[in-house]
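Asker: TSV, C-alpha atoms, file query.tsv:
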chain	number	residue	atom	x	y	z
K	23	MET	CA	27.89	-18.43	-118.38
K	24	LYS	CA	27.48	-14.96	-117.07
K	25	SER	CA	23.76	-15.42	-116.58
K	26	ILE	CA	24.29	-18.66	-114.75
K	27	ALA	CA	26.76	-16.93	-112.46
K	28	LEU	CA	24.20	-14.24	-111.71
K	29	LEU	CA	21.59	-16.85	-110.97
K	30	ARG	CA	23.95	-18.62	-108.66
K	31	SER	CA	25.11	-15.47	-106.89
K	32	PRO	CA	21.97	-15.00	-104.76
K	33	ALA	CA	22.10	-18.58	-103.70
K	34	ARG	CA	25.71	-18.22	-102.86
K	35	TYR	CA	24.92	-14.96	-101.07
K	36	TYR	CA	22.16	-16.47	-98.98
K	37	ALA	CA	24.20	-19.53	-98.30
K	38	THR	CA	26.93	-17.30	-96.99
K	39	TRP	CA	24.66	-14.81	-95.13
K	40	PHE	CA	22.21	-17.21	-93.50
K	41	PRO	CA	24.68	-19.03	-91.22
K	42	TYR	CA	26.08	-15.67	-90.18
K	43	ALA	CA	22.62	-14.27	-89.49
K	44	LEU	CA	21.63	-17.38	-87.63
K	45	GLU	CA	24.75	-17.24	-85.51
K	46	LYS	CA	24.20	-13.55	-84.78
K	47	ARG	CA	20.60	-14.15	-83.77
K	48	THR	CA	21.67	-17.01	-81.56
K	49	LEU	CA	24.27	-14.79	-79.91
K	50	THR	CA	21.70	-12.00	-79.46
K	51	GLU	CA	19.18	-14.33	-77.88
K	52	SER	CA	21.91	-15.74	-75.68
K	53	ASN	CA	22.94	-12.25	-74.60
K	54	GLU	CA	19.32	-11.34	-73.90
K	55	ARG	CA	18.93	-14.47	-71.82
K	56	ASP	CA	22.08	-13.55	-69.91
K	57	GLU	CA	20.94	-9.96	-69.41
K	58	LYS	CA	17.47	-10.89	-68.07
K	59	PRO	CA	18.75	-12.61	-64.88
K	60	ALA	CA	21.12	-9.70	-64.33
K	61	ALA	CA	18.26	-7.24	-64.66
K	62	VAL	CA	16.08	-9.32	-62.34
K	63	GLU	CA	18.96	-9.52	-59.88
K	64	ARG	CA	19.41	-5.74	-59.98
K	65	VAL	CA	15.67	-5.23	-59.34
K	66	SER	CA	15.76	-7.77	-56.51
K	67	THR	CA	18.82	-6.13	-54.98
K	68	HIS	CA	17.15	-2.72	-55.21
K	69	ARG	CA	14.06	-4.09	-53.52
K	70	ASP	CA	16.18	-5.66	-50.76
K	71	TRP	CA	17.90	-2.34	-50.08
K	72	SER	CA	14.56	-0.52	-50.11
K	73	THR	CA	13.14	-3.01	-47.60
K	74	LYS	CA	16.21	-2.69	-45.37
K	75	ALA	CA	16.08	1.10	-45.53
K	76	LEU	CA	12.39	1.06	-44.62
K	77	ALA	CA	13.03	-1.34	-41.75
K	78	ILE	CA	15.87	0.85	-40.45
K	79	GLU	CA	13.66	3.94	-40.67
K	80	ILE	CA	10.80	2.25	-38.81
K	81	PHE	CA	13.22	0.95	-36.17
K	82	SER	CA	14.68	4.45	-35.73
K	83	ILE	CA	11.21	5.92	-35.28
K	84	ILE	CA	10.27	3.28	-32.70
K	85	VAL	CA	13.51	3.81	-30.78
K	86	GLY	CA	12.96	7.58	-30.86
K	87	VAL	CA	9.42	7.25	-29.53
K	88	LEU	CA	10.52	4.87	-26.76
K	89	LEU	CA	13.34	7.20	-25.74
K	90	ALA	CA	10.96	10.16	-25.67
K	91	LEU	CA	8.46	8.22	-23.55
K	92	GLY	CA	11.20	7.04	-21.22
K	93	LEU	CA	12.51	10.57	-20.79
K	94	SER	CA	9.00	11.89	-20.15
K	95	GLU	CA	8.32	9.20	-17.55
K	96	TRP	CA	11.65	9.87	-15.84
K	97	ASN	CA	10.91	13.59	-15.71
K	98	ASP	CA	7.40	12.98	-14.34
K	99	GLU	CA	8.80	10.60	-11.72
K	100	ARG	CA	11.35	13.20	-10.63
K	101	ASN	CA	8.69	15.93	-10.37
K	102	HIS	CA	6.35	13.68	-8.38
K	103	LYS	CA	9.13	12.78	-5.96
K	104	ALA	CA	9.93	16.46	-5.47
K	105	GLN	CA	6.25	17.16	-4.74
K	106	ALA	CA	6.16	14.21	-2.35
K	107	GLN	CA	9.11	15.71	-0.44
K	108	ILE	CA	7.20	18.98	-0.05
K	109	ALA	CA	4.10	17.10	1.10
K	110	LEU	CA	6.17	15.17	3.66
K	111	LYS	CA	7.55	18.44	5.04
K	112	ASN	CA	3.98	19.64	5.55
K	113	VAL	CA	3.18	16.40	7.37
K	114	LEU	CA	6.25	16.93	9.57
K	115	ILE	CA	5.08	20.45	10.42
K	116	GLU	CA	1.68	19.04	11.36
K	117	VAL	CA	3.25	16.31	13.52
K	118	ARG	CA	5.41	18.83	15.38
K	119	SER	CA	2.40	21.10	15.93
K	120	ASN	CA	0.29	18.23	17.28
K	121	GLN	CA	3.16	17.13	19.51
K	122	GLU	CA	3.51	20.59	21.02
K	123	LEU	CA	-0.23	20.87	21.67
K	124	LEU	CA	-0.52	17.38	23.15
K	125	ASN	CA	2.45	17.98	25.45
K	126	PHE	CA	0.56	20.87	27.03
K	127	ILE	CA	-2.72	18.89	27.23
K	128	HIS	CA	-1.02	15.81	28.67
K	129	ASP	CA	0.76	17.77	31.41
K	130	HIS	CA	-2.56	19.34	32.37
K	131	ASN	CA	-4.40	16.01	32.38
K	132	VAL	CA	-1.75	14.21	34.45
K	133	VAL	CA	-2.12	16.82	37.18
K	134	THR	CA	-5.91	16.69	36.86
K	135	ILE	CA	-5.95	12.91	37.38
K	136	GLU	CA	-3.70	13.24	40.43
K	137	ILE	CA	-6.11	15.77	41.90
K	138	MET	CA	-9.12	13.58	41.15
K	139	THR	CA	-7.58	10.61	42.94
K	140	ASP	CA	-6.59	12.69	45.95
K	141	GLU	CA	-8.94	12.23	48.89
K	142	GLN	CA	-8.40	15.78	50.01
K	143	VAL	CA	-9.26	18.11	47.15
K	144	SER	CA	-9.04	21.82	47.72
K	145	GLU	CA	-11.91	24.07	46.74
K	146	SER	CA	-9.78	25.70	44.04
K	147	ASN	CA	-9.27	22.36	42.28
K	148	LYS	CA	-12.82	21.04	42.47
K	149	ASN	CA	-13.73	22.50	39.08
K	150	ARG	CA	-10.56	21.37	37.29
K	151	ASN	CA	-11.51	19.38	34.17
K	152	PHE	CA	-9.88	16.78	31.98
K	153	ILE	CA	-9.08	18.12	28.47
K	154	PRO	CA	-9.34	15.72	25.51
K	155	GLY	CA	-7.09	16.71	22.64
K	156	LEU	CA	-9.74	17.04	19.96
K	157	GLN	CA	-7.81	19.91	18.36
K	158	LEU	CA	-5.15	17.58	16.96
K	159	ARG	CA	-5.04	17.86	13.17
K	160	GLU	CA	-4.63	15.40	10.31
K	161	THR	CA	-5.17	17.75	7.33
K	162	ALA	CA	-1.66	17.44	5.89
K	163	TRP	CA	-1.76	13.65	6.17
K	164	GLU	CA	-5.16	13.38	4.46
K	165	THR	CA	-4.00	15.71	1.68
K	166	PHE	CA	-0.85	13.64	1.28
K	167	LEU	CA	-2.97	10.52	0.71
K	168	SER	CA	-5.68	12.07	-1.47
K	169	THR	CA	-3.17	13.59	-3.93
K	170	GLY	CA	-1.40	10.26	-4.48
K	171	MET	CA	1.92	11.44	-3.07
K	172	SER	CA	2.17	8.24	-1.05
K	173	ASN	CA	3.08	6.43	-4.31
K	174	TYR	CA	6.44	8.21	-4.35
K	175	VAL	CA	7.45	7.59	-0.74
K	176	SER	CA	8.96	4.47	0.79
K	177	TYR	CA	6.64	1.82	2.22
K	178	ASP	CA	8.24	2.05	5.67
K	179	THR	CA	7.52	5.78	5.84
K	180	ILE	CA	3.87	5.29	4.87
K	181	LEU	CA	3.52	2.49	7.42
K	182	MET	CA	5.03	4.66	10.16
K	183	LEU	CA	2.70	7.58	9.40
K	184	SER	CA	-0.33	5.29	9.17
K	185	LYS	CA	0.37	3.91	12.64
K	186	LEU	CA	0.84	7.41	14.06
K	187	TYR	CA	-2.42	8.77	12.71
K	188	SER	CA	-4.26	5.60	13.70
K	189	ILE	CA	-3.22	6.17	17.33
K	190	GLN	CA	-4.24	9.81	17.01
K	191	SER	CA	-7.65	8.78	15.63
K	192	ILE	CA	-8.21	6.37	18.53
K	193	TYR	CA	-7.26	9.08	21.01
K	194	LYS	CA	-9.68	11.60	19.49
K	195	GLN	CA	-12.49	9.03	19.42
K	196	THR	CA	-11.86	8.30	23.10
K	197	GLY	CA	-12.03	12.03	23.82
K	198	LEU	CA	-15.32	12.35	21.97
K	199	GLN	CA	-16.80	9.46	23.94
K	200	LEU	CA	-15.72	11.10	27.21
K	201	ILE	CA	-17.34	14.37	26.20
K	202	GLN	CA	-20.53	12.58	25.19
K	203	SER	CA	-20.63	10.71	28.50
K	204	THR	CA	-20.14	13.86	30.58
K	205	MET	CA	-22.83	15.65	28.58
K	206	ASN	CA	-25.23	12.79	29.23
K	207	VAL	CA	-24.55	12.99	32.98
K	208	SER	CA	-25.08	16.75	32.95
K	209	ALA	CA	-28.32	16.40	31.00
K	210	TYR	CA	-29.56	13.72	33.39
K	211	ALA	CA	-28.77	15.87	36.46
K	212	SER	CA	-30.44	18.86	34.86
K	213	ALA	CA	-33.55	16.82	34.14
K	214	LEU	CA	-33.71	15.77	37.79
K	215	GLY	CA	-33.11	19.32	38.93
K	216	THR	CA	-30.05	18.36	40.96
K	217	GLU	CA	-26.53	19.69	41.03
K	218	ILE	CA	-23.55	17.56	40.04
K	219	ASP	CA	-21.07	16.73	42.76
K	220	ASN	CA	-17.81	17.45	40.96
K	221	ILE	CA	-15.74	15.23	43.24
K	222	HIS	CA	-18.12	12.30	42.90
K	223	TYR	CA	-18.41	12.94	39.16
K	224	SER	CA	-14.63	13.00	38.72
K	225	LYS	CA	-14.15	9.75	40.60
K	226	GLN	CA	-16.72	8.08	38.35
K	227	PHE	CA	-14.79	8.96	35.20
K	228	VAL	CA	-11.22	8.84	36.49
K	229	GLY	CA	-10.68	5.38	34.98
K	230	TYR	CA	-11.54	6.69	31.50
K	231	PHE	CA	-9.32	9.71	32.05
K	232	LYS	CA	-6.42	7.43	32.93
K	233	LEU	CA	-7.01	5.43	29.75
K	234	ALA	CA	-6.95	8.61	27.68
K	235	SER	CA	-3.78	9.73	29.46
K	236	THR	CA	-2.11	6.41	28.61
K	237	ILE	CA	-2.99	6.89	24.95
K	238	GLU	CA	-1.55	10.40	25.15
K	239	THR	CA	1.77	9.02	26.37
K	240	GLU	CA	1.91	6.51	23.52
K	241	LEU	CA	0.93	9.15	20.99
K	242	LEU	CA	3.60	11.57	22.19
K	243	SER	CA	6.22	8.85	21.81
K	244	ALA	CA	4.98	8.14	18.27
K	245	TYR	CA	5.11	11.85	17.43
K	246	GLU	CA	8.75	12.06	18.50
K	247	LYS	CA	9.86	8.96	16.59
K	248	THR	CA	8.00	10.01	13.46
K	249	ALA	CA	9.41	13.53	13.55
K	250	GLU	CA	12.94	12.18	13.85
K	251	GLN	CA	12.41	9.83	10.90
K	252	LEU	CA	10.95	12.58	8.72
K	253	ASP	CA	13.80	14.92	9.61
K	254	ASP	CA	16.26	12.33	8.30
K	255	TYR	CA	14.14	11.32	5.30
K	256	ASP	CA	15.78	11.77	1.91
As structure tokens, what does this structure read like?

Answerer:
Amino acid sequence: MKSIALLRSPARYYATWFPYALEKRTLTESNERDEKPAAVERVSTHRDWSTKALAIEIFSIIVGVLLALGLSEWNDERNHKAQAQIALKNVLIEVRSNQELLNFIHDHNVVTIEIMTDEQVSESNKNRNFIPGLQLRETAWETFLSTGMSNYVSYDTILMLSKLYSIQSIYKQTGLQLIQSTMNVSAYASALGTEIDNIHYSKQFVGYFKLASTIETELLSAYEKTAEQLDDYD
């Protein structure tokens, strides 16, 4: 009986242990299956946060670069405008200087034309000559354009200055043509071995002198208007 009990004991033991072991294994596998999605979810969440952190960092860098560029451009714009103001002041000085010189020349030429058109010219006025204002300058204006300062000044101001210096250029070209014409007459008289009759010579060119005088009047008016505008320019 005792031996039979011993023989039966292992069977009873395995019969008792096997369901328990099977249940434990089932629970373990179930727990492992439950833990795997959780682990995957944790890895996925970590990756999401890493991606977001990287995106935020990249965005911060881009914003920083854009702000730096914007600040640099603003500072450059301010410096260029300050330089343009200085350049405009130099143009104003040039305009005032040309105006002063042309006032003197114009007064002289008006009197000269009156004498030329007078039938009775005194001996002292026979040799009085018309003076073209070739000494008028445009250095400050040309420098203003060549350095690009016109990009930082209002369009109306640039248009006003362009008109002024266009009139001045026409006036100087007219003066050069008058000088060339008088030189040709002198050369022709010299070639013939004759003297020039100043009164007759003056009457021949008086029409051109009047044209130049008219341009002087217009140019003086343009000088005054431009100087007033530049004085008030901000």

Asker: Pick the closest to Trp163 in chain K from K:Tyr245, K:Tyr193, K:Phe126, K:Tyr187: which is it, counting all atoms listed in the file?

Answerer: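 Selected residue with least distance to Trp163 in chain K: K:Tyr187.
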
Asker: I'd like to know which of K:Ser176, K:Ser72, K:Asn120, K:Thr134 is closest to Lys103 in chain K, using all atoms listed in the file.

Answerer: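 Comparing K:Ser176, K:Ser72, K:Asn120, K:Thr134 against Lys103 in chain K, the winner is K:Ser176.
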
Asker: Calculate how many Å separate CA of Gln251 in chain K from CA of Asn112 in chain K, rounding to one decimal.

Answerer: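 Rounded to one decimal, the two atoms are 14.0 Å apart.
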
Asker: Which residue, K:Ala106, K:Leu158, K:Ala244, K:Leu88, has the smallest gap to Asn173 in chain K when you use only C-alpha atoms?

Answerer: K:Ala106

Asker: To one decimal place in Å, what is the distance between CA of Val133 in chain K and CA of Ile237 in chain K?

Answerer: 15.8 Å

Asker: Give me, please, the distance in Å between CA of Ile127 in chain K and CA of Gly155 in chain K, quoted to one decimal.

Answerer: 6.7 Å
